[in-house]
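Dumped model-v4.cif below, it's mmCIF, N, CA and C atoms:
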data_input
loop_
_atom_site.label_atom_id
_atom_site.label_comp_id
_atom_site.auth_asym_id
_atom_site.auth_seq_id
_atom_site.Cartn_x
_atom_site.Cartn_y
_atom_site.Cartn_z
N MET A 282 10.82 66.54 2.48
CA MET A 282 11.05 66.89 1.09
C MET A 282 12.47 67.44 0.95
N SER A 283 13.12 67.05 -0.15
CA SER A 283 14.46 67.59 -0.36
C SER A 283 14.62 68.03 -1.81
N PHE A 284 15.44 69.05 -1.98
CA PHE A 284 15.74 69.57 -3.31
C PHE A 284 17.11 69.08 -3.73
N SER A 285 17.35 69.04 -5.02
CA SER A 285 18.66 68.63 -5.54
C SER A 285 19.74 69.67 -5.24
N PHE A 286 19.33 70.92 -5.09
CA PHE A 286 20.28 72.01 -4.87
C PHE A 286 20.21 72.49 -3.43
N LYS A 287 21.37 72.78 -2.85
CA LYS A 287 21.40 73.28 -1.48
C LYS A 287 20.91 74.72 -1.41
N ARG A 288 21.17 75.48 -2.49
CA ARG A 288 20.73 76.88 -2.54
C ARG A 288 19.94 77.09 -3.83
N ALA A 289 18.93 77.92 -3.77
CA ALA A 289 18.11 78.19 -4.95
C ALA A 289 18.96 78.74 -6.09
N GLU A 290 19.94 79.56 -5.78
CA GLU A 290 20.77 80.16 -6.82
C GLU A 290 21.72 79.16 -7.49
N ASP A 291 21.73 77.91 -7.06
CA ASP A 291 22.50 76.87 -7.73
C ASP A 291 21.69 76.18 -8.83
N SER A 292 20.41 76.47 -8.90
CA SER A 292 19.53 75.85 -9.90
C SER A 292 19.55 76.66 -11.20
N PRO A 293 20.10 76.09 -12.29
CA PRO A 293 20.15 76.84 -13.55
C PRO A 293 18.75 77.17 -14.07
N GLY A 294 17.80 76.28 -13.87
CA GLY A 294 16.43 76.55 -14.31
C GLY A 294 15.81 77.73 -13.59
N PHE A 295 16.03 77.79 -12.29
CA PHE A 295 15.49 78.90 -11.49
C PHE A 295 16.16 80.21 -11.88
N LEU A 296 17.47 80.18 -12.09
CA LEU A 296 18.20 81.38 -12.51
C LEU A 296 17.73 81.85 -13.89
N LEU A 297 17.55 80.90 -14.81
CA LEU A 297 17.08 81.25 -16.14
C LEU A 297 15.69 81.86 -16.07
N TRP A 298 14.83 81.31 -15.25
CA TRP A 298 13.48 81.83 -15.06
C TRP A 298 13.52 83.26 -14.53
N GLN A 299 14.34 83.49 -13.52
CA GLN A 299 14.45 84.84 -12.94
C GLN A 299 15.00 85.83 -13.96
N LEU A 300 16.05 85.44 -14.65
CA LEU A 300 16.67 86.31 -15.64
C LEU A 300 15.70 86.61 -16.78
N THR A 301 14.99 85.59 -17.25
CA THR A 301 14.01 85.78 -18.32
C THR A 301 12.92 86.76 -17.90
N ASN A 302 12.45 86.63 -16.68
CA ASN A 302 11.42 87.56 -16.20
C ASN A 302 11.92 88.99 -16.13
N GLU A 303 13.15 89.18 -15.68
CA GLU A 303 13.72 90.53 -15.61
C GLU A 303 13.88 91.12 -17.01
N TRP A 304 14.39 90.32 -17.94
CA TRP A 304 14.58 90.76 -19.32
C TRP A 304 13.23 91.09 -19.97
N GLN A 305 12.23 90.22 -19.76
CA GLN A 305 10.91 90.47 -20.34
C GLN A 305 10.26 91.73 -19.76
N ARG A 306 10.47 92.00 -18.49
CA ARG A 306 9.94 93.23 -17.88
C ARG A 306 10.49 94.47 -18.59
N LYS A 307 11.78 94.45 -18.84
CA LYS A 307 12.42 95.57 -19.53
C LYS A 307 11.87 95.71 -20.96
N GLN A 308 11.73 94.61 -21.66
CA GLN A 308 11.18 94.64 -23.01
C GLN A 308 9.73 95.15 -22.99
N ARG A 309 8.96 94.63 -22.06
CA ARG A 309 7.54 95.00 -21.96
C ARG A 309 7.39 96.51 -21.72
N LEU A 310 8.17 97.05 -20.81
CA LEU A 310 8.10 98.48 -20.51
C LEU A 310 8.47 99.33 -21.72
N ALA A 311 9.52 98.95 -22.42
CA ALA A 311 9.97 99.72 -23.58
C ALA A 311 8.98 99.63 -24.74
N LEU A 312 8.43 98.47 -24.96
CA LEU A 312 7.52 98.27 -26.09
C LEU A 312 6.13 98.86 -25.85
N ALA A 313 5.78 99.08 -24.60
CA ALA A 313 4.47 99.67 -24.28
C ALA A 313 4.30 101.03 -24.95
N ALA A 314 5.38 101.77 -25.08
CA ALA A 314 5.32 103.09 -25.73
C ALA A 314 4.93 102.97 -27.20
N LEU A 315 5.15 101.80 -27.80
CA LEU A 315 4.79 101.57 -29.20
C LEU A 315 3.46 100.80 -29.33
N ASP A 316 2.76 100.63 -28.22
CA ASP A 316 1.50 99.87 -28.21
C ASP A 316 1.71 98.43 -28.68
N LEU A 317 2.81 97.84 -28.21
CA LEU A 317 3.12 96.45 -28.53
C LEU A 317 3.43 95.69 -27.26
N THR A 318 2.98 94.44 -27.20
CA THR A 318 3.47 93.53 -26.17
C THR A 318 4.74 92.88 -26.73
N HIS A 319 5.47 92.22 -25.88
CA HIS A 319 6.69 91.57 -26.36
C HIS A 319 6.37 90.46 -27.34
N VAL A 320 5.35 89.67 -27.06
CA VAL A 320 5.01 88.57 -27.98
C VAL A 320 4.48 89.13 -29.31
N GLN A 321 3.78 90.25 -29.28
CA GLN A 321 3.36 90.87 -30.54
C GLN A 321 4.58 91.30 -31.35
N PHE A 322 5.56 91.87 -30.68
CA PHE A 322 6.80 92.24 -31.36
C PHE A 322 7.46 91.01 -31.97
N VAL A 323 7.54 89.93 -31.22
CA VAL A 323 8.19 88.72 -31.71
C VAL A 323 7.48 88.20 -32.96
N VAL A 324 6.17 88.19 -32.96
CA VAL A 324 5.42 87.72 -34.13
C VAL A 324 5.67 88.64 -35.33
N LEU A 325 5.62 89.96 -35.11
CA LEU A 325 5.89 90.90 -36.20
C LEU A 325 7.32 90.75 -36.72
N ALA A 326 8.27 90.62 -35.81
CA ALA A 326 9.68 90.49 -36.21
C ALA A 326 9.91 89.18 -36.97
N CYS A 327 9.28 88.11 -36.52
CA CYS A 327 9.41 86.83 -37.23
C CYS A 327 8.80 86.93 -38.63
N LEU A 328 7.64 87.57 -38.72
CA LEU A 328 7.01 87.76 -40.03
C LEU A 328 7.93 88.57 -40.95
N LEU A 329 8.51 89.63 -40.44
CA LEU A 329 9.45 90.44 -41.23
C LEU A 329 10.65 89.60 -41.65
N TRP A 330 11.23 88.88 -40.71
CA TRP A 330 12.41 88.06 -41.00
C TRP A 330 12.10 86.99 -42.05
N LEU A 331 11.03 86.24 -41.83
CA LEU A 331 10.69 85.16 -42.75
C LEU A 331 10.33 85.68 -44.13
N SER A 332 9.61 86.79 -44.20
CA SER A 332 9.23 87.32 -45.51
C SER A 332 10.43 87.92 -46.23
N THR A 333 11.45 88.31 -45.49
CA THR A 333 12.66 88.88 -46.09
C THR A 333 13.67 87.80 -46.48
N HIS A 334 13.71 86.72 -45.72
CA HIS A 334 14.75 85.70 -45.90
C HIS A 334 14.26 84.40 -46.53
N SER A 335 13.01 84.37 -46.96
CA SER A 335 12.48 83.13 -47.52
C SER A 335 11.59 83.45 -48.71
N GLU A 336 11.58 82.56 -49.65
CA GLU A 336 10.71 82.70 -50.83
C GLU A 336 9.31 82.16 -50.54
N GLU A 337 9.18 81.41 -49.45
CA GLU A 337 7.91 80.77 -49.13
C GLU A 337 6.90 81.76 -48.56
N VAL A 338 5.64 81.40 -48.70
CA VAL A 338 4.56 82.18 -48.09
C VAL A 338 4.66 82.02 -46.58
N VAL A 339 4.54 83.10 -45.85
CA VAL A 339 4.62 83.04 -44.39
C VAL A 339 3.23 82.78 -43.83
N THR A 340 3.14 81.73 -43.04
CA THR A 340 1.88 81.34 -42.41
C THR A 340 2.01 81.38 -40.90
N GLN A 341 0.88 81.27 -40.24
CA GLN A 341 0.87 81.19 -38.78
C GLN A 341 1.73 80.03 -38.30
N GLN A 342 1.61 78.89 -38.96
CA GLN A 342 2.38 77.70 -38.59
C GLN A 342 3.88 77.96 -38.69
N LYS A 343 4.31 78.65 -39.75
CA LYS A 343 5.74 78.93 -39.93
C LYS A 343 6.26 79.86 -38.84
N ILE A 344 5.45 80.84 -38.47
CA ILE A 344 5.85 81.75 -37.39
C ILE A 344 5.95 80.98 -36.08
N ALA A 345 4.97 80.13 -35.79
CA ALA A 345 4.98 79.34 -34.56
C ALA A 345 6.23 78.46 -34.48
N GLU A 346 6.57 77.81 -35.59
CA GLU A 346 7.75 76.95 -35.62
C GLU A 346 9.04 77.76 -35.50
N PHE A 347 9.12 78.85 -36.23
CA PHE A 347 10.33 79.68 -36.23
C PHE A 347 10.61 80.27 -34.85
N ALA A 348 9.55 80.77 -34.19
CA ALA A 348 9.72 81.40 -32.88
C ALA A 348 9.60 80.42 -31.73
N ASN A 349 9.22 79.18 -32.04
CA ASN A 349 9.01 78.16 -31.00
C ASN A 349 7.95 78.64 -29.99
N ILE A 350 6.84 79.14 -30.55
CA ILE A 350 5.70 79.62 -29.75
C ILE A 350 4.52 78.70 -30.02
N ASP A 351 3.71 78.50 -29.01
CA ASP A 351 2.50 77.70 -29.12
C ASP A 351 1.61 78.24 -30.25
N LYS A 352 1.09 77.34 -31.09
CA LYS A 352 0.27 77.75 -32.23
C LYS A 352 -0.97 78.54 -31.81
N MET A 353 -1.59 78.17 -30.72
CA MET A 353 -2.78 78.88 -30.27
C MET A 353 -2.43 80.30 -29.81
N MET A 354 -1.27 80.46 -29.19
CA MET A 354 -0.84 81.79 -28.78
C MET A 354 -0.60 82.65 -30.02
N VAL A 355 0.06 82.08 -31.02
CA VAL A 355 0.31 82.82 -32.26
C VAL A 355 -1.01 83.23 -32.89
N SER A 356 -1.98 82.34 -32.89
CA SER A 356 -3.30 82.65 -33.44
C SER A 356 -3.95 83.83 -32.73
N THR A 357 -3.90 83.83 -31.42
CA THR A 357 -4.46 84.92 -30.62
C THR A 357 -3.74 86.24 -30.90
N VAL A 358 -2.42 86.18 -30.97
CA VAL A 358 -1.62 87.38 -31.22
C VAL A 358 -1.90 87.91 -32.62
N ILE A 359 -1.99 87.03 -33.59
CA ILE A 359 -2.27 87.45 -34.95
C ILE A 359 -3.62 88.16 -35.03
N LYS A 360 -4.61 87.64 -34.35
CA LYS A 360 -5.93 88.30 -34.34
C LYS A 360 -5.82 89.72 -33.78
N SER A 361 -5.06 89.89 -32.71
CA SER A 361 -4.92 91.24 -32.13
C SER A 361 -4.13 92.15 -33.06
N LEU A 362 -3.14 91.61 -33.77
CA LEU A 362 -2.36 92.42 -34.71
C LEU A 362 -3.17 92.80 -35.94
N ILE A 363 -4.08 91.95 -36.33
CA ILE A 363 -4.99 92.29 -37.43
C ILE A 363 -5.93 93.41 -36.99
N GLN A 364 -6.44 93.32 -35.76
CA GLN A 364 -7.32 94.38 -35.24
C GLN A 364 -6.58 95.73 -35.18
N LYS A 365 -5.30 95.68 -34.85
CA LYS A 365 -4.50 96.91 -34.78
C LYS A 365 -4.06 97.37 -36.17
N LYS A 366 -4.38 96.56 -37.17
CA LYS A 366 -4.01 96.85 -38.56
C LYS A 366 -2.50 96.83 -38.79
N PHE A 367 -1.81 95.96 -38.04
CA PHE A 367 -0.37 95.79 -38.19
C PHE A 367 -0.02 94.68 -39.18
N LEU A 368 -0.96 93.77 -39.40
CA LEU A 368 -0.75 92.73 -40.40
C LEU A 368 -2.07 92.38 -41.04
N SER A 369 -1.97 91.70 -42.19
CA SER A 369 -3.18 91.26 -42.88
C SER A 369 -3.05 89.78 -43.18
N ARG A 370 -4.21 89.18 -43.29
CA ARG A 370 -4.29 87.74 -43.57
C ARG A 370 -4.90 87.62 -44.96
N LEU A 371 -4.18 86.96 -45.86
CA LEU A 371 -4.60 86.84 -47.26
C LEU A 371 -4.79 85.37 -47.61
N ASP A 372 -5.48 85.11 -48.69
CA ASP A 372 -5.58 83.73 -49.17
C ASP A 372 -4.19 83.22 -49.53
N ASN A 373 -3.93 81.99 -49.15
CA ASN A 373 -2.64 81.37 -49.44
C ASN A 373 -2.74 80.68 -50.80
N PRO A 374 -1.94 81.09 -51.76
CA PRO A 374 -2.03 80.48 -53.08
C PRO A 374 -1.57 79.02 -53.11
N ASN A 375 -0.83 78.59 -52.08
CA ASN A 375 -0.29 77.23 -52.05
C ASN A 375 -1.09 76.26 -51.19
N ASP A 376 -1.96 76.78 -50.31
CA ASP A 376 -2.67 75.91 -49.36
C ASP A 376 -3.95 76.61 -48.92
N SER A 377 -5.07 76.09 -49.32
CA SER A 377 -6.36 76.73 -48.99
C SER A 377 -6.71 76.60 -47.51
N ARG A 378 -5.99 75.74 -46.77
CA ARG A 378 -6.26 75.57 -45.34
C ARG A 378 -5.53 76.59 -44.47
N ALA A 379 -4.56 77.29 -45.05
CA ALA A 379 -3.75 78.24 -44.27
C ALA A 379 -3.79 79.61 -44.95
N TYR A 380 -3.64 80.63 -44.15
CA TYR A 380 -3.59 81.99 -44.68
C TYR A 380 -2.14 82.42 -44.87
N ALA A 381 -1.93 83.30 -45.83
CA ALA A 381 -0.64 83.97 -45.99
C ALA A 381 -0.70 85.24 -45.14
N LEU A 382 0.35 85.50 -44.40
CA LEU A 382 0.40 86.69 -43.54
C LEU A 382 1.32 87.73 -44.17
N SER A 383 0.94 88.97 -43.99
CA SER A 383 1.72 90.06 -44.56
C SER A 383 1.67 91.27 -43.63
N LEU A 384 2.81 91.93 -43.48
CA LEU A 384 2.84 93.17 -42.71
C LEU A 384 2.12 94.26 -43.49
N THR A 385 1.33 95.06 -42.81
CA THR A 385 0.78 96.25 -43.43
C THR A 385 1.86 97.33 -43.38
N ALA A 386 1.63 98.45 -44.04
CA ALA A 386 2.60 99.56 -43.98
C ALA A 386 2.76 100.03 -42.54
N VAL A 387 1.65 100.08 -41.81
CA VAL A 387 1.70 100.50 -40.40
C VAL A 387 2.46 99.48 -39.57
N GLY A 388 2.21 98.19 -39.81
CA GLY A 388 2.90 97.13 -39.08
C GLY A 388 4.39 97.11 -39.37
N ARG A 389 4.74 97.33 -40.62
CA ARG A 389 6.16 97.37 -40.99
C ARG A 389 6.86 98.53 -40.29
N LYS A 390 6.21 99.68 -40.30
CA LYS A 390 6.78 100.86 -39.63
C LYS A 390 6.93 100.60 -38.13
N LYS A 391 5.93 99.96 -37.54
CA LYS A 391 5.93 99.66 -36.10
C LYS A 391 7.07 98.72 -35.74
N VAL A 392 7.23 97.62 -36.48
CA VAL A 392 8.28 96.64 -36.15
C VAL A 392 9.66 97.23 -36.42
N LEU A 393 9.79 98.03 -37.47
CA LEU A 393 11.09 98.66 -37.74
C LEU A 393 11.46 99.67 -36.65
N ALA A 394 10.46 100.31 -36.05
CA ALA A 394 10.72 101.22 -34.92
C ALA A 394 11.07 100.43 -33.66
N ALA A 395 10.50 99.24 -33.52
CA ALA A 395 10.70 98.44 -32.31
C ALA A 395 12.04 97.70 -32.30
N ILE A 396 12.53 97.31 -33.46
CA ILE A 396 13.76 96.50 -33.51
C ILE A 396 14.93 97.17 -32.80
N PRO A 397 15.25 98.44 -33.07
CA PRO A 397 16.39 99.03 -32.35
C PRO A 397 16.16 99.15 -30.85
N ILE A 398 14.91 99.30 -30.45
CA ILE A 398 14.59 99.36 -29.01
C ILE A 398 14.89 98.01 -28.36
N VAL A 399 14.38 96.95 -28.97
CA VAL A 399 14.58 95.59 -28.43
C VAL A 399 16.06 95.21 -28.45
N GLU A 400 16.73 95.51 -29.57
CA GLU A 400 18.15 95.19 -29.66
C GLU A 400 18.97 96.02 -28.69
N GLY A 401 18.55 97.26 -28.44
CA GLY A 401 19.23 98.10 -27.46
C GLY A 401 19.12 97.54 -26.06
N ILE A 402 17.94 97.04 -25.72
CA ILE A 402 17.76 96.42 -24.41
C ILE A 402 18.61 95.16 -24.31
N ASP A 403 18.64 94.37 -25.39
CA ASP A 403 19.50 93.18 -25.39
C ASP A 403 20.96 93.56 -25.17
N ALA A 404 21.40 94.58 -25.88
CA ALA A 404 22.81 95.00 -25.76
C ALA A 404 23.11 95.45 -24.34
N GLU A 405 22.22 96.24 -23.79
CA GLU A 405 22.43 96.72 -22.42
C GLU A 405 22.33 95.58 -21.41
N PHE A 406 21.32 94.75 -21.58
CA PHE A 406 21.05 93.70 -20.60
C PHE A 406 22.10 92.60 -20.63
N PHE A 407 22.50 92.17 -21.83
CA PHE A 407 23.42 91.05 -21.94
C PHE A 407 24.87 91.50 -22.14
N THR A 408 25.13 92.26 -23.16
CA THR A 408 26.50 92.61 -23.52
C THR A 408 27.18 93.42 -22.43
N ALA A 409 26.49 94.41 -21.92
CA ALA A 409 27.11 95.28 -20.91
C ALA A 409 27.39 94.53 -19.61
N LYS A 410 26.63 93.49 -19.34
CA LYS A 410 26.77 92.77 -18.06
C LYS A 410 27.48 91.44 -18.21
N THR A 411 27.68 90.98 -19.42
CA THR A 411 28.15 89.62 -19.60
C THR A 411 29.40 89.56 -20.45
N THR A 412 30.48 89.10 -19.85
CA THR A 412 31.62 88.74 -20.68
C THR A 412 31.35 87.29 -21.07
N GLY A 413 31.71 86.93 -22.27
CA GLY A 413 31.45 85.56 -22.70
C GLY A 413 30.06 85.37 -23.26
N LEU A 414 29.47 86.43 -23.82
CA LEU A 414 28.12 86.32 -24.39
C LEU A 414 28.07 85.31 -25.52
N VAL A 415 29.13 85.22 -26.31
CA VAL A 415 29.18 84.25 -27.40
C VAL A 415 29.04 82.84 -26.85
N GLY A 416 29.75 82.57 -25.76
CA GLY A 416 29.66 81.25 -25.12
C GLY A 416 28.25 80.95 -24.62
N LEU A 417 27.61 81.97 -24.03
CA LEU A 417 26.23 81.79 -23.56
C LEU A 417 25.32 81.48 -24.73
N ASN A 418 25.45 82.21 -25.83
CA ASN A 418 24.63 81.95 -27.02
C ASN A 418 24.85 80.55 -27.55
N GLN A 419 26.09 80.08 -27.54
CA GLN A 419 26.39 78.73 -28.01
C GLN A 419 25.71 77.68 -27.11
N ILE A 420 25.76 77.89 -25.82
CA ILE A 420 25.11 76.97 -24.88
C ILE A 420 23.60 76.97 -25.11
N LEU A 421 23.00 78.14 -25.22
CA LEU A 421 21.55 78.23 -25.42
C LEU A 421 21.14 77.57 -26.75
N ASN A 422 21.91 77.80 -27.79
CA ASN A 422 21.62 77.17 -29.08
C ASN A 422 21.73 75.64 -29.00
N ARG A 423 22.76 75.17 -28.31
CA ARG A 423 22.93 73.72 -28.15
C ARG A 423 21.75 73.13 -27.40
N LEU A 424 21.30 73.81 -26.36
CA LEU A 424 20.15 73.33 -25.58
C LEU A 424 18.88 73.28 -26.45
N LEU A 425 18.66 74.33 -27.23
CA LEU A 425 17.48 74.36 -28.10
C LEU A 425 17.52 73.27 -29.16
N LYS A 426 18.69 73.02 -29.72
CA LYS A 426 18.82 72.00 -30.78
C LYS A 426 18.74 70.58 -30.24
N SER A 427 18.98 70.41 -28.95
CA SER A 427 18.98 69.06 -28.37
C SER A 427 17.58 68.57 -27.98
N ARG A 428 16.58 69.43 -28.10
CA ARG A 428 15.23 69.01 -27.68
C ARG A 428 14.66 68.00 -28.62
#
Translate the structure of the given file into structure tokens.
Amino acid sequence: MSFSFKRAEDSPGFLLWQLTNEWQRKQRLALAALDLTHVQFVVLACLLWLSTHSEEVVTQQKIAEFANIDKMMVSTVIKSLIQKKFLSRLDNPNDSRAYALSLTAVGRKKVLAAIPIVEGIDAEFFTAKTTGLVGLNQILNRLLKSR
């Protein structure tokens, strides 16, 4: 058996996987104090973003597409966030097959408390260690758009 790379650290996929795991560990530890998982934060933050920046009703499907998360995972996370009373599911006036999602007052307070924590970790993890962060973001965006 042979690998394309002579050294594991030459594989961009392996490096990205390792870096992602390290970054997620830091996020997970920080968000635990707020009783949030990282994916719960992402769903809440996407709901906040979409409801603030769009006139459309925010649905599970829109969150899944916006965050590029599996629809079933979003469904599971939404159920847990409803149980925690961080969001509510309402009848969708535009589509009886989908629910409209809304942050509760508690959920809004929770995500607003989490945003500076998550952004602080990003700043420390990426900006403090990386010159050329803009270039990295451009590469990552190009990769995402090329799928």
If DSSP is run on the backbone, what residues of chain A are strand (DSSP E)? A reply as a PyMOL selection string would be ideal. chain A and resi 368-372+380-384
Determine which residues of segment 286-417 of chain A receive a DSSP assignment of helix (DSSP H, G or I), computed from the backbone, and state them as number ranges by chain. A: 289-291, 293-313, 319-334, 341-348, 352-364, 386-408, 414-417
Set the distance at 12 Å and use only C-alpha atoms: which residues neighbour Leu328 of chain A once local chain neighbours fewer than 5 positions away are removed? I'd like the list as a ChimeraX atom specification. /A:321-323,333-335,337-348,355,359,362,367-370,381-385,388-389,392-393
Please save N, CA and C atoms of the selected residues as a CSV table (one decimal), in the frame of the given file.
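Written file, selection-v8.csv:
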chain,number,residue,atom,x,y,z
A,321,GLN,N,3.8,90.2,-29.3
A,321,GLN,CA,3.4,90.9,-30.5
A,321,GLN,C,4.6,91.3,-31.4
A,322,PHE,N,5.6,91.9,-30.7
A,322,PHE,CA,6.8,92.2,-31.4
A,322,PHE,C,7.5,91.0,-32.0
A,323,VAL,N,7.5,89.9,-31.2
A,323,VAL,CA,8.2,88.7,-31.7
A,323,VAL,C,7.5,88.2,-33.0
A,333,THR,N,11.4,88.3,-45.5
A,333,THR,CA,12.7,88.9,-46.1
A,333,THR,C,13.7,87.8,-46.5
A,334,HIS,N,13.7,86.7,-45.7
A,334,HIS,CA,14.8,85.7,-45.9
A,334,HIS,C,14.3,84.4,-46.5
A,335,SER,N,13.0,84.4,-47.0
A,335,SER,CA,12.5,83.1,-47.5
A,335,SER,C,11.6,83.4,-48.7
A,337,GLU,N,9.2,81.4,-49.4
A,337,GLU,CA,7.9,80.8,-49.1
A,337,GLU,C,6.9,81.8,-48.6
A,338,VAL,N,5.6,81.4,-48.7
A,338,VAL,CA,4.6,82.2,-48.1
A,338,VAL,C,4.7,82.0,-46.6
A,339,VAL,N,4.5,83.1,-45.8
A,339,VAL,CA,4.6,83.0,-44.4
A,339,VAL,C,3.2,82.8,-43.8
A,340,THR,N,3.1,81.7,-43.0
A,340,THR,CA,1.9,81.3,-42.4
A,340,THR,C,2.0,81.4,-40.9
A,341,GLN,N,0.9,81.3,-40.2
A,341,GLN,CA,0.9,81.2,-38.8
A,341,GLN,C,1.7,80.0,-38.3
A,342,GLN,N,1.6,78.9,-39.0
A,342,GLN,CA,2.4,77.7,-38.6
A,342,GLN,C,3.9,78.0,-38.7
A,343,LYS,N,4.3,78.6,-39.8
A,343,LYS,CA,5.7,78.9,-39.9
A,343,LYS,C,6.3,79.9,-38.8
A,344,ILE,N,5.4,80.8,-38.5
A,344,ILE,CA,5.8,81.8,-37.4
A,344,ILE,C,6.0,81.0,-36.1
A,345,ALA,N,5.0,80.1,-35.8
A,345,ALA,CA,5.0,79.3,-34.6
A,345,ALA,C,6.2,78.5,-34.5
A,346,GLU,N,6.6,77.8,-35.6
A,346,GLU,CA,7.8,77.0,-35.6
A,346,GLU,C,9.0,77.8,-35.5
A,347,PHE,N,9.1,78.8,-36.2
A,347,PHE,CA,10.3,79.7,-36.2
A,347,PHE,C,10.6,80.3,-34.8
A,348,ALA,N,9.6,80.8,-34.2
A,348,ALA,CA,9.7,81.4,-32.9
A,348,ALA,C,9.6,80.4,-31.7
A,355,VAL,N,0.1,82.1,-31.0
A,355,VAL,CA,0.3,82.8,-32.3
A,355,VAL,C,-1.0,83.2,-32.9
A,359,ILE,N,-2.0,87.0,-33.6
A,359,ILE,CA,-2.3,87.4,-35.0
A,359,ILE,C,-3.6,88.2,-35.0
A,362,LEU,N,-3.1,91.6,-33.8
A,362,LEU,CA,-2.4,92.4,-34.7
A,362,LEU,C,-3.2,92.8,-35.9
A,367,PHE,N,-1.8,96.0,-38.0
A,367,PHE,CA,-0.4,95.8,-38.2
A,367,PHE,C,0.0,94.7,-39.2
A,368,LEU,N,-1.0,93.8,-39.4
A,368,LEU,CA,-0.8,92.7,-40.4
A,368,LEU,C,-2.1,92.4,-41.0
A,369,SER,N,-2.0,91.7,-42.2
A,369,SER,CA,-3.2,91.3,-42.9
A,369,SER,C,-3.0,89.8,-43.2
A,370,ARG,N,-4.2,89.2,-43.3
A,370,ARG,CA,-4.3,87.7,-43.6
A,370,ARG,C,-4.9,87.6,-45.0
A,381,ALA,N,-1.9,83.3,-45.8
A,381,ALA,CA,-0.6,84.0,-46.0
A,381,ALA,C,-0.7,85.2,-45.1
A,382,LEU,N,0.4,85.5,-44.4
A,382,LEU,CA,0.4,86.7,-43.5
A,382,LEU,C,1.3,87.7,-44.2
A,383,SER,N,0.9,89.0,-44.0
A,383,SER,CA,1.7,90.1,-44.6
A,383,SER,C,1.7,91.3,-43.6
A,384,LEU,N,2.8,91.9,-43.5
A,384,LEU,CA,2.8,93.2,-42.7
A,384,LEU,C,2.1,94.3,-43.5
A,385,THR,N,1.3,95.1,-42.8
A,385,THR,CA,0.8,96.2,-43.4
A,385,THR,C,1.9,97.3,-43.4
A,388,GLY,N,2.2,98.2,-39.8
A,388,GLY,CA,2.9,97.1,-39.1
A,388,GLY,C,4.4,97.1,-39.4
A,389,ARG,N,4.7,97.3,-40.6
A,389,ARG,CA,6.2,97.4,-41.0
A,389,ARG,C,6.9,98.5,-40.3
A,392,VAL,N,7.2,97.6,-36.5
A,392,VAL,CA,8.3,96.6,-36.2
A,392,VAL,C,9.7,97.2,-36.4
A,393,LEU,N,9.8,98.0,-37.5
A,393,LEU,CA,11.1,98.7,-37.7
A,393,LEU,C,11.5,99.7,-36.6
So how many Å separate atom C of Pro293 of chain A and atom C of Leu424 of chain A, to one decimal? 13.0 Å
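The spacing separating atom C of Arg423 of chain A from atom N of Trp298 of chain A amounts to 16.2 Å.
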Can you translate the PyMOL selection byres ((chain A and resi 311-320) around 8) into the concrete residues it hits in this file, as a ChimeraX atom specification? /A:305-310,321-326,358,391,394-395,398-399
Just write the chosen residues, N, CA and C atoms, as a short mmCIF file (atom, residue, chain, number, x, y, z; two decimals), in the coordinates of the input.
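Below is the file that was written, again_33.cif:
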data_model
loop_
_atom_site.label_atom_id
_atom_site.label_comp_id
_atom_site.auth_asym_id
_atom_site.auth_seq_id
_atom_site.Cartn_x
_atom_site.Cartn_y
_atom_site.Cartn_z
N GLN A 305 12.23 90.22 -19.76
CA GLN A 305 10.91 90.47 -20.34
C GLN A 305 10.26 91.73 -19.76
N ARG A 306 10.47 92.00 -18.49
CA ARG A 306 9.94 93.23 -17.88
C ARG A 306 10.49 94.47 -18.59
N LYS A 307 11.78 94.45 -18.84
CA LYS A 307 12.42 95.57 -19.53
C LYS A 307 11.87 95.71 -20.96
N GLN A 308 11.73 94.61 -21.66
CA GLN A 308 11.18 94.64 -23.01
C GLN A 308 9.73 95.15 -22.99
N ARG A 309 8.96 94.63 -22.06
CA ARG A 309 7.54 95.00 -21.96
C ARG A 309 7.39 96.51 -21.72
N LEU A 310 8.17 97.05 -20.81
CA LEU A 310 8.10 98.48 -20.51
C LEU A 310 8.47 99.33 -21.72
N GLN A 321 3.78 90.25 -29.28
CA GLN A 321 3.36 90.87 -30.54
C GLN A 321 4.58 91.30 -31.35
N PHE A 322 5.56 91.87 -30.68
CA PHE A 322 6.80 92.24 -31.36
C PHE A 322 7.46 91.01 -31.97
N VAL A 323 7.54 89.93 -31.22
CA VAL A 323 8.19 88.72 -31.71
C VAL A 323 7.48 88.20 -32.96
N VAL A 324 6.17 88.19 -32.96
CA VAL A 324 5.42 87.72 -34.13
C VAL A 324 5.67 88.64 -35.33
N LEU A 325 5.62 89.96 -35.11
CA LEU A 325 5.89 90.90 -36.20
C LEU A 325 7.32 90.75 -36.72
N ALA A 326 8.27 90.62 -35.81
CA ALA A 326 9.68 90.49 -36.21
C ALA A 326 9.91 89.18 -36.97
N VAL A 358 -2.42 86.18 -30.97
CA VAL A 358 -1.62 87.38 -31.22
C VAL A 358 -1.90 87.91 -32.62
N LYS A 391 5.93 99.96 -37.54
CA LYS A 391 5.93 99.66 -36.10
C LYS A 391 7.07 98.72 -35.74
N ALA A 394 10.46 100.31 -36.05
CA ALA A 394 10.72 101.22 -34.92
C ALA A 394 11.07 100.43 -33.66
N ALA A 395 10.50 99.24 -33.52
CA ALA A 395 10.70 98.44 -32.31
C ALA A 395 12.04 97.70 -32.30
N ILE A 398 14.91 99.30 -30.45
CA ILE A 398 14.59 99.36 -29.01
C ILE A 398 14.89 98.01 -28.36
N VAL A 399 14.38 96.95 -28.97
CA VAL A 399 14.58 95.59 -28.43
C VAL A 399 16.06 95.21 -28.45
#
In Å to one decimal, how far is atom C of Phe407 of chain A from atom C of Glu290 of chain A?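 Distance between the two atoms: 19.4 Å.
For the residues A:Met353, A:Leu297, A:Ile402, A:Val387, ranking by smallest atom-to-atom distance to Lys365 of chain A using only C-alpha atoms places A:Val387 first.
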